[in-house]
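To be precise, the following lines are entry.cif, and they hold mmCIF, C-alpha atoms.
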```
data_target
loop_
_atom_site.group_PDB
_atom_site.id
_atom_site.type_symbol
_atom_site.label_atom_id
_atom_site.label_comp_id
_atom_site.auth_asym_id
_atom_site.auth_seq_id
_atom_site.Cartn_x
_atom_site.Cartn_y
_atom_site.Cartn_z
ATOM 1 C CA MET A 1 70.285 -80.595 101.110
ATOM 2 C CA ARG A 2 69.721 -82.536 97.913
ATOM 3 C CA ASP A 3 67.703 -85.183 99.841
ATOM 4 C CA ALA A 4 65.491 -82.499 101.373
ATOM 5 C CA ARG A 5 64.911 -80.989 97.926
ATOM 6 C CA LYS A 6 63.986 -84.426 96.553
ATOM 7 C CA SER A 7 61.558 -84.937 99.421
ATOM 8 C CA VAL A 8 59.816 -81.619 98.728
ATOM 9 C CA ILE A 9 59.620 -82.367 95.000
ATOM 10 C CA GLY A 10 58.259 -85.849 95.727
ATOM 11 C CA LYS A 11 55.535 -84.506 97.977
ATOM 12 C CA GLY A 12 54.587 -81.953 95.332
ATOM 13 C CA LEU A 13 54.345 -84.596 92.630
ATOM 14 C CA ARG A 14 52.229 -86.882 94.826
ATOM 15 C CA ARG A 15 49.890 -84.001 95.689
ATOM 16 C CA ARG A 16 49.579 -83.093 92.041
ATOM 17 C CA GLY A 17 48.799 -86.714 91.260
ATOM 18 C CA ARG A 18 45.979 -86.793 93.804
ATOM 19 C CA LEU A 19 44.533 -83.584 92.414
ATOM 20 C CA MET A 20 44.674 -85.003 88.888
ATOM 21 C CA ILE A 21 42.823 -88.147 90.004
ATOM 22 C CA GLN A 22 40.152 -86.058 91.720
ATOM 23 C CA ALA A 23 39.738 -83.915 88.648
ATOM 24 C CA VAL A 24 39.010 -86.838 86.322
ATOM 25 C CA SER A 25 36.981 -88.917 88.807
ATOM 26 C CA PRO A 26 33.150 -88.664 89.084
ATOM 27 C CA PRO A 27 32.080 -86.293 91.845
ATOM 28 C CA ARG A 28 31.326 -87.906 95.190
ATOM 29 C CA ARG A 29 28.169 -86.469 96.670
ATOM 30 C CA THR A 30 26.321 -87.380 99.817
ATOM 31 C CA LEU A 31 22.538 -87.307 99.992
ATOM 32 C CA ASP A 32 22.757 -84.143 102.057
ATOM 33 C CA ALA A 33 24.711 -82.478 99.283
ATOM 34 C CA ILE A 34 22.079 -83.179 96.600
ATOM 35 C CA PRO A 35 19.836 -80.123 96.267
ATOM 36 C CA THR A 36 16.104 -80.605 96.636
ATOM 37 C CA PRO A 37 14.331 -80.235 93.266
ATOM 38 C CA ARG A 38 12.761 -76.802 92.912
ATOM 39 C CA ALA A 39 9.002 -76.999 93.146
ATOM 40 C CA GLU A 40 7.272 -75.679 90.037
ATOM 41 C CA VAL A 41 5.850 -72.274 90.742
ATOM 42 C CA LYS A 42 2.670 -71.566 88.856
ATOM 43 C CA PRO A 43 2.451 -67.869 88.087
ATOM 44 C CA LYS A 44 -0.577 -66.141 89.528
ATOM 45 C CA GLU A 45 -2.873 -64.235 87.278
ATOM 46 C CA PRO A 46 -1.967 -60.578 87.929
ATOM 47 C CA SER A 47 -4.644 -58.017 88.630
ATOM 48 C CA TYR A 48 -3.019 -55.660 86.119
ATOM 49 C CA VAL A 49 -4.948 -55.247 82.859
ATOM 50 C CA ALA A 50 -2.842 -54.024 79.967
ATOM 51 C CA PRO A 51 -4.096 -51.369 77.565
ATOM 52 C CA ARG A 52 -4.938 -52.468 74.049
ATOM 53 C CA ALA A 53 -1.947 -52.329 71.726
ATOM 54 C CA PRO A 54 -2.259 -51.275 68.063
ATOM 55 C CA ARG A 55 -3.486 -54.000 65.712
ATOM 56 C CA LEU A 56 -2.047 -54.957 62.348
ATOM 57 C CA VAL A 57 -5.534 -56.037 61.261
ATOM 58 C CA ASP A 58 -7.855 -53.335 62.520
ATOM 59 C CA SER A 59 -11.209 -54.674 61.307
ATOM 60 C CA PRO A 60 -11.322 -58.438 60.758
ATOM 61 C CA VAL A 61 -14.638 -60.156 60.082
ATOM 62 C CA PHE A 62 -15.954 -62.992 62.217
ATOM 63 C CA VAL A 63 -18.715 -65.395 61.260
ATOM 64 C CA LEU A 64 -20.523 -66.347 64.461
ATOM 65 C CA SER A 65 -22.584 -69.501 64.234
ATOM 66 C CA SER A 66 -23.325 -72.807 65.836
ATOM 67 C CA VAL A 67 -21.633 -75.938 64.580
ATOM 68 C CA ARG A 68 -23.516 -77.602 61.683
ATOM 69 C CA SER A 69 -24.966 -74.293 60.515
ATOM 70 C CA GLY A 70 -23.402 -74.022 57.056
ATOM 71 C CA SER A 71 -20.432 -71.866 58.035
ATOM 72 C CA THR A 72 -18.093 -73.760 55.697
ATOM 73 C CA LEU A 73 -20.406 -73.020 52.776
ATOM 74 C CA LEU A 74 -20.415 -69.333 53.694
ATOM 75 C CA ARG A 75 -16.627 -69.445 54.026
ATOM 76 C CA VAL A 76 -16.005 -70.792 50.526
ATOM 77 C CA LEU A 77 -18.511 -68.370 48.994
ATOM 78 C CA LEU A 78 -16.688 -65.455 50.627
ATOM 79 C CA ASN A 79 -13.255 -66.880 49.852
ATOM 80 C CA SER A 80 -14.238 -66.962 46.165
ATOM 81 C CA HIS A 81 -14.298 -63.143 46.192
ATOM 82 C CA SER A 82 -11.215 -61.431 44.776
ATOM 83 C CA ARG A 83 -10.790 -59.225 47.871
ATOM 84 C CA ILE A 84 -11.853 -61.563 50.681
ATOM 85 C CA ARG A 85 -9.656 -64.179 52.321
ATOM 86 C CA ALA A 86 -11.668 -66.716 54.318
ATOM 87 C CA PRO A 87 -9.308 -69.533 55.359
ATOM 88 C CA HIS A 88 -10.177 -72.769 57.133
ATOM 89 C CA GLU A 89 -11.131 -72.601 60.813
ATOM 90 C CA MET A 90 -8.272 -70.811 62.571
ATOM 91 C CA HIS A 91 -9.110 -71.753 66.191
ATOM 92 C CA LEU A 92 -7.356 -68.684 67.568
ATOM 93 C CA ARG A 93 -9.024 -69.128 70.952
ATOM 94 C CA THR A 94 -6.894 -72.242 71.525
ATOM 95 C CA VAL A 95 -3.639 -70.370 70.812
ATOM 96 C CA HIS A 96 -2.230 -69.345 74.198
ATOM 97 C CA VAL A 97 0.732 -67.522 75.685
ATOM 98 C CA GLN A 98 2.297 -68.838 78.904
ATOM 99 C CA LEU A 99 4.298 -66.738 81.354
ATOM 100 C CA THR A 100 6.468 -69.444 82.890
ATOM 101 C CA ARG A 101 8.440 -67.577 85.580
ATOM 102 C CA GLY A 102 7.245 -65.561 88.525
ATOM 103 C CA PHE A 103 8.954 -62.378 87.342
ATOM 104 C CA THR A 104 7.707 -62.611 83.742
ATOM 105 C CA ALA A 105 4.433 -60.862 84.497
ATOM 106 C CA ASP A 106 6.338 -57.969 86.072
ATOM 107 C CA ALA A 107 8.571 -57.745 83.021
ATOM 108 C CA MET A 108 5.543 -57.649 80.708
ATOM 109 C CA LYS A 109 3.787 -55.100 82.916
ATOM 110 C CA ALA A 110 6.811 -52.807 82.532
ATOM 111 C CA LEU A 111 6.126 -53.053 78.774
ATOM 112 C CA GLU A 112 2.404 -52.346 79.327
ATOM 113 C CA LEU A 113 1.501 -55.937 78.421
ATOM 114 C CA ASP A 114 -0.140 -58.875 80.158
ATOM 115 C CA ARG A 115 -0.862 -62.474 79.168
ATOM 116 C CA ILE A 116 -4.223 -61.660 77.606
ATOM 117 C CA GLU A 117 -2.860 -58.810 75.517
ATOM 118 C CA LEU A 118 0.111 -60.942 74.451
ATOM 119 C CA GLU A 119 -2.347 -63.535 73.171
ATOM 120 C CA HIS A 120 -4.262 -60.825 71.351
ATOM 121 C CA LEU A 121 -1.056 -59.626 69.694
ATOM 122 C CA LEU A 122 -0.306 -63.186 68.596
ATOM 123 C CA TRP A 123 -3.809 -63.694 67.219
ATOM 124 C CA ASP A 124 -3.550 -60.410 65.341
ATOM 125 C CA ARG A 125 -0.163 -61.403 63.906
ATOM 126 C CA VAL A 126 -1.549 -64.724 62.658
ATOM 127 C CA MET A 127 -4.448 -62.872 61.021
ATOM 128 C CA HIS A 128 -2.114 -60.372 59.392
ATOM 129 C CA LEU A 129 0.247 -63.067 58.115
ATOM 130 C CA GLU A 130 -2.586 -65.015 56.509
ATOM 131 C CA LEU A 131 -4.022 -61.878 54.938
ATOM 132 C CA THR A 132 -0.624 -60.808 53.599
ATOM 133 C CA ARG A 133 0.054 -64.226 52.114
ATOM 134 C CA SER A 134 -3.303 -64.192 50.332
ATOM 135 C CA GLY A 135 -2.701 -60.853 48.628
ATOM 136 C CA LYS A 136 -6.250 -59.789 49.553
ATOM 137 C CA ASP A 137 -7.350 -56.951 51.835
ATOM 138 C CA LEU A 138 -10.176 -58.381 53.970
ATOM 139 C CA ILE A 139 -10.007 -61.455 56.202
ATOM 140 C CA VAL A 140 -12.877 -63.548 57.563
ATOM 141 C CA ASP A 141 -12.568 -66.137 60.347
ATOM 142 C CA LYS A 142 -15.484 -68.533 60.524
ATOM 143 C CA THR A 143 -14.493 -70.799 63.430
ATOM 144 C CA PRO A 144 -17.816 -71.726 65.151
ATOM 145 C CA PRO A 145 -16.355 -71.895 68.713
ATOM 146 C CA ASN A 146 -15.504 -68.194 68.332
ATOM 147 C CA THR A 147 -19.193 -67.731 69.069
ATOM 148 C CA LEU A 148 -18.562 -68.888 72.639
ATOM 149 C CA ILE A 149 -15.959 -66.142 73.207
ATOM 150 C CA TRP A 150 -17.399 -63.289 71.158
ATOM 151 C CA PRO A 151 -16.990 -60.744 74.026
ATOM 152 C CA ARG A 152 -13.254 -61.397 74.028
ATOM 153 C CA LEU A 153 -13.060 -60.996 70.246
ATOM 154 C CA HIS A 154 -14.857 -57.689 70.660
ATOM 155 C CA ARG A 155 -12.338 -56.655 73.314
ATOM 156 C CA CYS A 156 -9.410 -57.657 71.108
ATOM 157 C CA TRP A 157 -10.767 -55.978 67.962
ATOM 158 C CA PRO A 158 -13.209 -53.173 68.846
ATOM 159 C CA ASN A 159 -13.545 -52.402 65.134
ATOM 160 C CA ALA A 160 -14.259 -55.986 64.079
ATOM 161 C CA ARG A 161 -17.346 -56.760 62.013
ATOM 162 C CA TYR A 162 -19.611 -59.746 62.503
ATOM 163 C CA ILE A 163 -21.796 -61.934 60.324
ATOM 164 C CA LEU A 164 -24.279 -63.955 62.368
ATOM 165 C CA LEU A 165 -25.210 -67.153 60.566
ATOM 166 C CA LEU A 166 -28.388 -68.625 62.051
ATOM 167 C CA ARG A 167 -30.027 -71.998 61.457
ATOM 168 C CA HIS A 168 -33.131 -73.611 62.892
ATOM 169 C CA PRO A 169 -31.988 -75.271 66.145
ATOM 170 C CA GLY A 170 -34.028 -78.363 65.306
ATOM 171 C CA ALA A 171 -32.102 -78.786 62.044
ATOM 172 C CA ILE A 172 -28.790 -78.399 63.892
ATOM 173 C CA ILE A 173 -29.826 -81.105 66.351
ATOM 174 C CA ALA A 174 -30.768 -83.427 63.496
ATOM 175 C CA SER A 175 -27.480 -82.765 61.690
ATOM 176 C CA LEU A 176 -25.377 -83.423 64.794
ATOM 177 C CA THR A 177 -27.343 -86.585 65.542
ATOM 178 C CA ASP A 178 -26.742 -87.924 62.031
ATOM 179 C CA ARG A 179 -23.074 -86.991 62.005
ATOM 180 C CA ARG A 180 -22.035 -88.615 65.291
ATOM 181 C CA GLU A 181 -21.650 -92.277 66.097
ATOM 182 C CA ASP A 182 -23.744 -93.352 69.078
ATOM 183 C CA PRO A 183 -25.004 -89.797 69.667
ATOM 184 C CA ASP A 184 -25.877 -88.654 73.176
ATOM 185 C CA HIS A 185 -29.139 -86.747 72.745
ATOM 186 C CA GLU A 186 -28.901 -84.823 76.019
ATOM 187 C CA GLU A 187 -25.321 -83.826 75.245
ATOM 188 C CA ILE A 188 -26.327 -82.601 71.783
ATOM 189 C CA LEU A 189 -29.221 -80.568 73.207
ATOM 190 C CA ALA A 190 -26.871 -78.939 75.735
ATOM 191 C CA GLU A 191 -24.322 -78.114 73.022
ATOM 192 C CA VAL A 192 -26.898 -76.577 70.689
ATOM 193 C CA LEU A 193 -28.419 -74.570 73.542
ATOM 194 C CA ASN A 194 -24.996 -73.242 74.550
ATOM 195 C CA TYR A 195 -24.238 -72.042 71.019
ATOM 196 C CA SER A 196 -27.747 -70.655 70.575
ATOM 197 C CA GLU A 197 -27.647 -68.642 73.793
ATOM 198 C CA LYS A 198 -24.280 -67.102 72.880
ATOM 199 C CA LEU A 199 -25.529 -66.305 69.383
ATOM 200 C CA GLU A 200 -28.618 -64.638 70.800
ATOM 201 C CA GLU A 201 -26.424 -62.583 73.149
ATOM 202 C CA ALA A 202 -24.331 -61.472 70.174
ATOM 203 C CA ARG A 203 -27.422 -60.704 68.092
ATOM 204 C CA ARG A 204 -28.791 -58.455 70.815
ATOM 205 C CA THR A 205 -25.451 -56.739 71.522
ATOM 206 C CA LEU A 206 -23.436 -56.379 68.331
ATOM 207 C CA ASP A 207 -24.093 -54.289 65.249
ATOM 208 C CA ALA A 208 -23.885 -57.402 63.084
ATOM 209 C CA HIS A 209 -25.214 -58.584 59.752
ATOM 210 C CA VAL A 210 -27.622 -61.488 60.215
ATOM 211 C CA VAL A 211 -28.252 -64.180 57.613
ATOM 212 C CA THR A 212 -29.856 -67.593 57.920
ATOM 213 C CA TYR A 213 -28.525 -70.803 56.421
ATOM 214 C CA GLU A 214 -31.932 -71.348 54.860
ATOM 215 C CA GLU A 215 -31.712 -67.971 53.068
ATOM 216 C CA LEU A 216 -28.134 -68.595 52.001
ATOM 217 C CA THR A 217 -29.002 -71.862 50.275
ATOM 218 C CA ALA A 218 -32.382 -70.822 48.877
ATOM 219 C CA GLU A 219 -31.301 -67.415 47.516
ATOM 220 C CA PRO A 220 -27.489 -67.387 47.490
ATOM 221 C CA GLU A 221 -27.144 -64.368 45.218
ATOM 222 C CA LYS A 222 -29.447 -62.220 47.324
ATOM 223 C CA ALA A 223 -27.784 -63.353 50.547
ATOM 224 C CA THR A 224 -24.211 -62.814 49.322
ATOM 225 C CA ARG A 225 -25.084 -59.435 47.796
ATOM 226 C CA ALA A 226 -26.337 -58.271 51.189
ATOM 227 C CA ILE A 227 -23.155 -59.543 52.881
ATOM 228 C CA CYS A 228 -20.942 -57.778 50.343
ATOM 229 C CA GLU A 229 -22.846 -54.543 50.912
ATOM 230 C CA TYR A 230 -22.286 -54.883 54.659
ATOM 231 C CA LEU A 231 -18.564 -55.505 54.098
ATOM 232 C CA GLY A 232 -18.221 -52.626 51.624
ATOM 233 C CA VAL A 233 -17.114 -54.663 48.607
ATOM 234 C CA GLU A 234 -18.653 -55.157 45.183
ATOM 235 C CA TRP A 235 -20.560 -58.390 44.697
ATOM 236 C CA GLU A 236 -18.963 -60.862 42.265
ATOM 237 C CA SER A 237 -20.903 -63.551 40.451
ATOM 238 C CA GLY A 238 -17.919 -65.909 40.755
ATOM 239 C CA MET A 239 -18.694 -66.221 44.460
ATOM 240 C CA LEU A 240 -21.526 -68.612 43.634
ATOM 241 C CA ASP A 241 -19.225 -70.878 41.632
ATOM 242 C CA TYR A 242 -17.079 -71.775 44.630
ATOM 243 C CA GLY A 243 -16.272 -75.225 43.257
ATOM 244 C CA SER A 244 -14.012 -73.685 40.616
ATOM 245 C CA LYS A 245 -11.753 -72.076 43.247
ATOM 246 C CA ASP A 246 -9.067 -73.516 45.525
ATOM 247 C CA HIS A 247 -10.166 -73.398 49.162
ATOM 248 C CA GLY A 248 -7.647 -75.835 50.581
ATOM 249 C CA LYS A 249 -8.336 -79.353 51.731
ATOM 250 C CA PHE A 250 -11.655 -80.091 53.403
ATOM 251 C CA ARG A 251 -10.803 -82.053 56.536
ATOM 252 C CA PRO A 252 -12.059 -82.642 60.090
ATOM 253 C CA GLN A 253 -11.451 -79.974 62.763
ATOM 254 C CA LEU A 254 -10.943 -77.350 60.051
ATOM 255 C CA GLY A 255 -14.540 -77.178 58.851
ATOM 256 C CA ASP A 256 -17.092 -79.332 57.038
ATOM 257 C CA TRP A 257 -15.619 -82.170 54.986
ATOM 258 C CA SER A 258 -18.812 -83.866 53.825
ATOM 259 C CA SER A 259 -19.623 -84.813 50.245
ATOM 260 C CA THR A 260 -22.080 -81.911 50.185
ATOM 261 C CA ILE A 261 -19.410 -79.226 50.539
ATOM 262 C CA LYS A 262 -16.990 -81.155 48.330
ATOM 263 C CA SER A 263 -19.553 -81.196 45.514
ATOM 264 C CA GLY A 264 -18.739 -77.555 44.746
ATOM 265 C CA ARG A 265 -22.449 -76.732 44.447
ATOM 266 C CA ILE A 266 -24.854 -74.888 46.735
ATOM 267 C CA GLN A 267 -27.442 -77.409 47.860
ATOM 268 C CA ALA A 268 -30.777 -76.955 49.584
ATOM 269 C CA ALA A 269 -30.720 -76.799 53.358
ATOM 270 C CA ARG A 270 -32.129 -79.678 55.324
ATOM 271 C CA THR A 271 -35.155 -78.454 57.219
ATOM 272 C CA ALA A 272 -36.042 -79.227 60.819
ATOM 273 C CA ASP A 273 -38.382 -82.085 61.581
ATOM 274 C CA PRO A 274 -41.646 -80.388 62.685
ATOM 275 C CA ALA A 275 -42.494 -83.430 64.803
ATOM 276 C CA VAL A 276 -39.464 -82.873 67.055
ATOM 277 C CA GLU A 277 -40.316 -80.804 70.132
ATOM 278 C CA LEU A 278 -37.632 -78.336 71.198
ATOM 279 C CA PRO A 279 -36.906 -77.688 74.881
ATOM 280 C CA PRO A 280 -38.473 -74.378 76.036
ATOM 281 C CA PRO A 281 -35.200 -72.336 76.004
ATOM 282 C CA LEU A 282 -34.365 -73.436 72.437
ATOM 283 C CA LYS A 283 -37.957 -72.915 71.339
ATOM 284 C CA GLU A 284 -37.850 -69.345 72.628
ATOM 285 C CA ILE A 285 -34.598 -68.606 70.809
ATOM 286 C CA ALA A 286 -35.829 -70.172 67.575
ATOM 287 C CA GLN A 287 -38.923 -67.971 67.701
ATOM 288 C CA ALA A 288 -36.750 -64.904 68.329
ATOM 289 C CA TRP A 289 -34.861 -65.799 65.149
ATOM 290 C CA GLY A 290 -38.086 -65.934 63.154
ATOM 291 C CA TYR A 291 -38.484 -69.694 62.923
ATOM 292 C CA GLU A 292 -41.774 -71.511 63.317
ATOM 293 C CA VAL A 293 -41.699 -74.128 66.048
#
```
Go through the file and emit its structure as structure tokens.
Amino acid sequence: MRDARKSVIGKGLRRRGRLMIQAVSPPRRTLDAIPTPRAEVKPKEPSYVAPRAPRLVDSPVFVLSSVRSGSTLLRVLLNSHSRIRAPHEMHLRTVHVQLTRGFTADAMKALELDRIELEHLLWDRVMHLELTRSGKDLIVDKTPPNTLIWPRLHRCWPNARYILLLRHPGAIIASLTDRREDPDHEEILAEVLNYSEKLEEARRTLDAHVVTYEELTAEPEKATRAICEYLGVEWESGMLDYGSKDHGKFRPQLGDWSSTIKSGRIQAARTADPAVELPPPLKEIAQAWGYEV
């Protein structure tokens, strides 16, 4: 009886030993047992369009302009006003929301949201945060590429206001050519035409205030007074002394960083070379803007 009991106990101990070894040993897996990696599923753009949610900033101001049109100068003049916050280029159009799982769109739809409206909410939150930090009550975004997406800005903020800053296309071409190393003339012409066409669309569609870079530099008080009237704020003489205010660091990708803007003084605009012939589409737009070509 005792021997039988010992045998049972011995078998139990050996079995327990095997289980202990299996528990601490690395798992043994055959190739068939290894699961196939899950293929990444790219969510499809849903057909659902969410309604517009309430905005924290109901009526932001956007400066629409081409690159090399003096938008940084206009920014610092406006930012010198006690009620206006005009930060560096915000590039909101490059701030995106990604719905990474197939069911995420359905979850957002149940909340009456979609990817586009989520991005709009994020853009609005960034605007509101910057405005709150500044202690001012009016915010201006002067990012030139906003010009290329102005219909979406209008969709996001139906009550937004717009300042269209125009410049002679020939002067823009000359400025871009001087600024870039080994400039590609055809590429520059295409870029200026793209901006100009979008600006002309906005000029014909929006109830915007229009000012030219030439006017802004030649008669800055008159130009800024008209802008302040459009925005519903009192004009302040300190706007013209922008060099005495802190506007943050002037650096690439956030606006102009040339010695001209760093001088703190409004300087005369460079005019277009009358000997340079504009392509017909640009010539037509320039004439529509009141320029001689």
### Message
Neighbouring residues of stretch 189-193 of chain A were defined as those with any atom within 12 Å, considering only C-alpha atoms; residues of the same chain fewer than 2 positions away were excluded. Please report them as an MDAnalysis selection string.
### Response
chainID A and resid 65:69 144:145 147:148 166:177 183:187 195:200 277:286
Output of the above residues as a PDB file, in the coordinates of the input, restricted to C-alpha atoms:
```pdb
ATOM      1  CA  SER A  65     -22.584 -69.501  64.234  1.00  0.00           C
ATOM      2  CA  SER A  66     -23.325 -72.807  65.836  1.00  0.00           C
ATOM      3  CA  VAL A  67     -21.633 -75.938  64.580  1.00  0.00           C
ATOM      4  CA  ARG A  68     -23.516 -77.602  61.683  1.00  0.00           C
ATOM      5  CA  SER A  69     -24.966 -74.293  60.515  1.00  0.00           C
ATOM      6  CA  PRO A 144     -17.816 -71.726  65.151  1.00  0.00           C
ATOM      7  CA  PRO A 145     -16.355 -71.895  68.713  1.00  0.00           C
ATOM      8  CA  THR A 147     -19.193 -67.731  69.069  1.00  0.00           C
ATOM      9  CA  LEU A 148     -18.562 -68.888  72.639  1.00  0.00           C
ATOM     10  CA  LEU A 166     -28.388 -68.625  62.051  1.00  0.00           C
ATOM     11  CA  ARG A 167     -30.027 -71.998  61.457  1.00  0.00           C
ATOM     12  CA  HIS A 168     -33.131 -73.611  62.892  1.00  0.00           C
ATOM     13  CA  PRO A 169     -31.988 -75.271  66.145  1.00  0.00           C
ATOM     14  CA  GLY A 170     -34.028 -78.363  65.306  1.00  0.00           C
ATOM     15  CA  ALA A 171     -32.102 -78.786  62.044  1.00  0.00           C
ATOM     16  CA  ILE A 172     -28.790 -78.399  63.892  1.00  0.00           C
ATOM     17  CA  ILE A 173     -29.826 -81.105  66.351  1.00  0.00           C
ATOM     18  CA  ALA A 174     -30.768 -83.427  63.496  1.00  0.00           C
ATOM     19  CA  SER A 175     -27.480 -82.765  61.690  1.00  0.00           C
ATOM     20  CA  LEU A 176     -25.377 -83.423  64.794  1.00  0.00           C
ATOM     21  CA  THR A 177     -27.343 -86.585  65.542  1.00  0.00           C
ATOM     22  CA  PRO A 183     -25.004 -89.797  69.667  1.00  0.00           C
ATOM     23  CA  ASP A 184     -25.877 -88.654  73.176  1.00  0.00           C
ATOM     24  CA  HIS A 185     -29.139 -86.747  72.745  1.00  0.00           C
ATOM     25  CA  GLU A 186     -28.901 -84.823  76.019  1.00  0.00           C
ATOM     26  CA  GLU A 187     -25.321 -83.826  75.245  1.00  0.00           C
ATOM     27  CA  TYR A 195     -24.238 -72.042  71.019  1.00  0.00           C
ATOM     28  CA  SER A 196     -27.747 -70.655  70.575  1.00  0.00           C
ATOM     29  CA  GLU A 197     -27.647 -68.642  73.793  1.00  0.00           C
ATOM     30  CA  LYS A 198     -24.280 -67.102  72.880  1.00  0.00           C
ATOM     31  CA  LEU A 199     -25.529 -66.305  69.383  1.00  0.00           C
ATOM     32  CA  GLU A 200     -28.618 -64.638  70.800  1.00  0.00           C
ATOM     33  CA  GLU A 277     -40.316 -80.804  70.132  1.00  0.00           C
ATOM     34  CA  LEU A 278     -37.632 -78.336  71.198  1.00  0.00           C
ATOM     35  CA  PRO A 279     -36.906 -77.688  74.881  1.00  0.00           C
ATOM     36  CA  PRO A 280     -38.473 -74.378  76.036  1.00  0.00           C
ATOM     37  CA  PRO A 281     -35.200 -72.336  76.004  1.00  0.00           C
ATOM     38  CA  LEU A 282     -34.365 -73.436  72.437  1.00  0.00           C
ATOM     39  CA  LYS A 283     -37.957 -72.915  71.339  1.00  0.00           C
ATOM     40  CA  GLU A 284     -37.850 -69.345  72.628  1.00  0.00           C
ATOM     41  CA  ILE A 285     -34.598 -68.606  70.809  1.00  0.00           C
ATOM     42  CA  ALA A 286     -35.829 -70.172  67.575  1.00  0.00           C
TER      43      ALA A 286
END
```
Using 12 Å as the limit and counting all atoms listed in the file, can you tabulate each residue of stretch 100-145 of chain A that touches stretch 72-87 of chain A, with its shortest atom-to-atom distance in Å and the two atoms involved, as JSON lines?
```
{"residue": "A:Val126", "atom": "CA", "partner": "A:Pro87", "partner_atom": "CA", "distance": 11.7}
{"residue": "A:Met127", "atom": "CA", "partner": "A:Pro87", "partner_atom": "CA", "distance": 10.0}
{"residue": "A:His128", "atom": "CA", "partner": "A:Arg85", "partner_atom": "CA", "distance": 11.0}
{"residue": "A:Leu129", "atom": "CA", "partner": "A:Arg85", "partner_atom": "CA", "distance": 11.5}
{"residue": "A:Glu130", "atom": "CA", "partner": "A:Pro87", "partner_atom": "CA", "distance": 8.2}
{"residue": "A:Leu131", "atom": "CA", "partner": "A:Arg85", "partner_atom": "CA", "distance": 6.6}
{"residue": "A:Thr132", "atom": "CA", "partner": "A:Arg85", "partner_atom": "CA", "distance": 9.7}
{"residue": "A:Arg133", "atom": "CA", "partner": "A:Arg85", "partner_atom": "CA", "distance": 9.7}
{"residue": "A:Ser134", "atom": "CA", "partner": "A:Arg85", "partner_atom": "CA", "distance": 6.7}
{"residue": "A:Gly135", "atom": "CA", "partner": "A:Arg83", "partner_atom": "CA", "distance": 8.3}
{"residue": "A:Lys136", "atom": "CA", "partner": "A:Arg83", "partner_atom": "CA", "distance": 4.9}
{"residue": "A:Asp137", "atom": "CA", "partner": "A:Arg83", "partner_atom": "CA", "distance": 5.7}
{"residue": "A:Leu138", "atom": "CA", "partner": "A:Ile84", "partner_atom": "CA", "distance": 4.9}
{"residue": "A:Ile139", "atom": "CA", "partner": "A:Arg85", "partner_atom": "CA", "distance": 4.8}
{"residue": "A:Val140", "atom": "CA", "partner": "A:Ala86", "partner_atom": "CA", "distance": 4.7}
{"residue": "A:Asp141", "atom": "CA", "partner": "A:Ala86", "partner_atom": "CA", "distance": 6.1}
{"residue": "A:Lys142", "atom": "CA", "partner": "A:Arg75", "partner_atom": "CA", "distance": 6.7}
{"residue": "A:Thr143", "atom": "CA", "partner": "A:Thr72", "partner_atom": "CA", "distance": 9.0}
{"residue": "A:Pro144", "atom": "CA", "partner": "A:Thr72", "partner_atom": "CA", "distance": 9.7}
```
### Query
So which residues touch A:Leu122 within 12 Å, counting only C-alpha atoms, skipping near sequence neighbours fewer than 2 positions away, as number ranges by chain?
A: 53, 55-57, 92-97, 115-120, 124-129, 156
### Query
When distances are computed from all atoms listed in the file, which of A:Ser259, A:Asn159, A:Thr224, A:Ser237 shows the smallest separation from A:Leu206?
A:Asn159
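Taking atom CA of A:Gly264 as the reference point, atom CA of A:Phe62 is found at 22.9 Å.
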### Query
What separation in Å, quoted to one decimal, exists between atom CA of A:Asp241 and atom CA of A:Lys222?
14.6 Å
### Task
May I have the protein, DNA and RNA residues with any atom at most 9 Å from the point (-16.9, -58.2, 64.0), counting only C-alpha atoms, written as number ranges by chain?
A: 59-64, 150, 153-154, 157-163, 206-208
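As for atom CA of A:Lys249 and atom CA of A:Arg270, they are spaced 24.1 Å apart.
Among the candidates A:Asp256, A:Ala268, A:Lys109, A:Arg155, the one nearest to A:Leu216 when counting all atoms listed in the file is A:Ala268.
Each of A:Ser244, A:Gln267, A:Thr260, A:Gln253 was compared to A:Glu219 using only C-alpha atoms, and A:Gln267 turns out to be the nearest.
Near (-12.6, -82.2, 46.8), the residues that fall inside 9 Å on the basis of only C-alpha atoms are Gly243, Gly248, Lys249, Phe250, Trp257, Ser259, Ile261, Lys262, Ser263 and Gly264 of chain A.
Of the residues under consideration (A:Thr100, A:Tyr230, A:Val293, A:Asp106), A:Val293 shows the shortest atom-to-atom contact distance to A:Ala272 when counting all atoms listed in the file.
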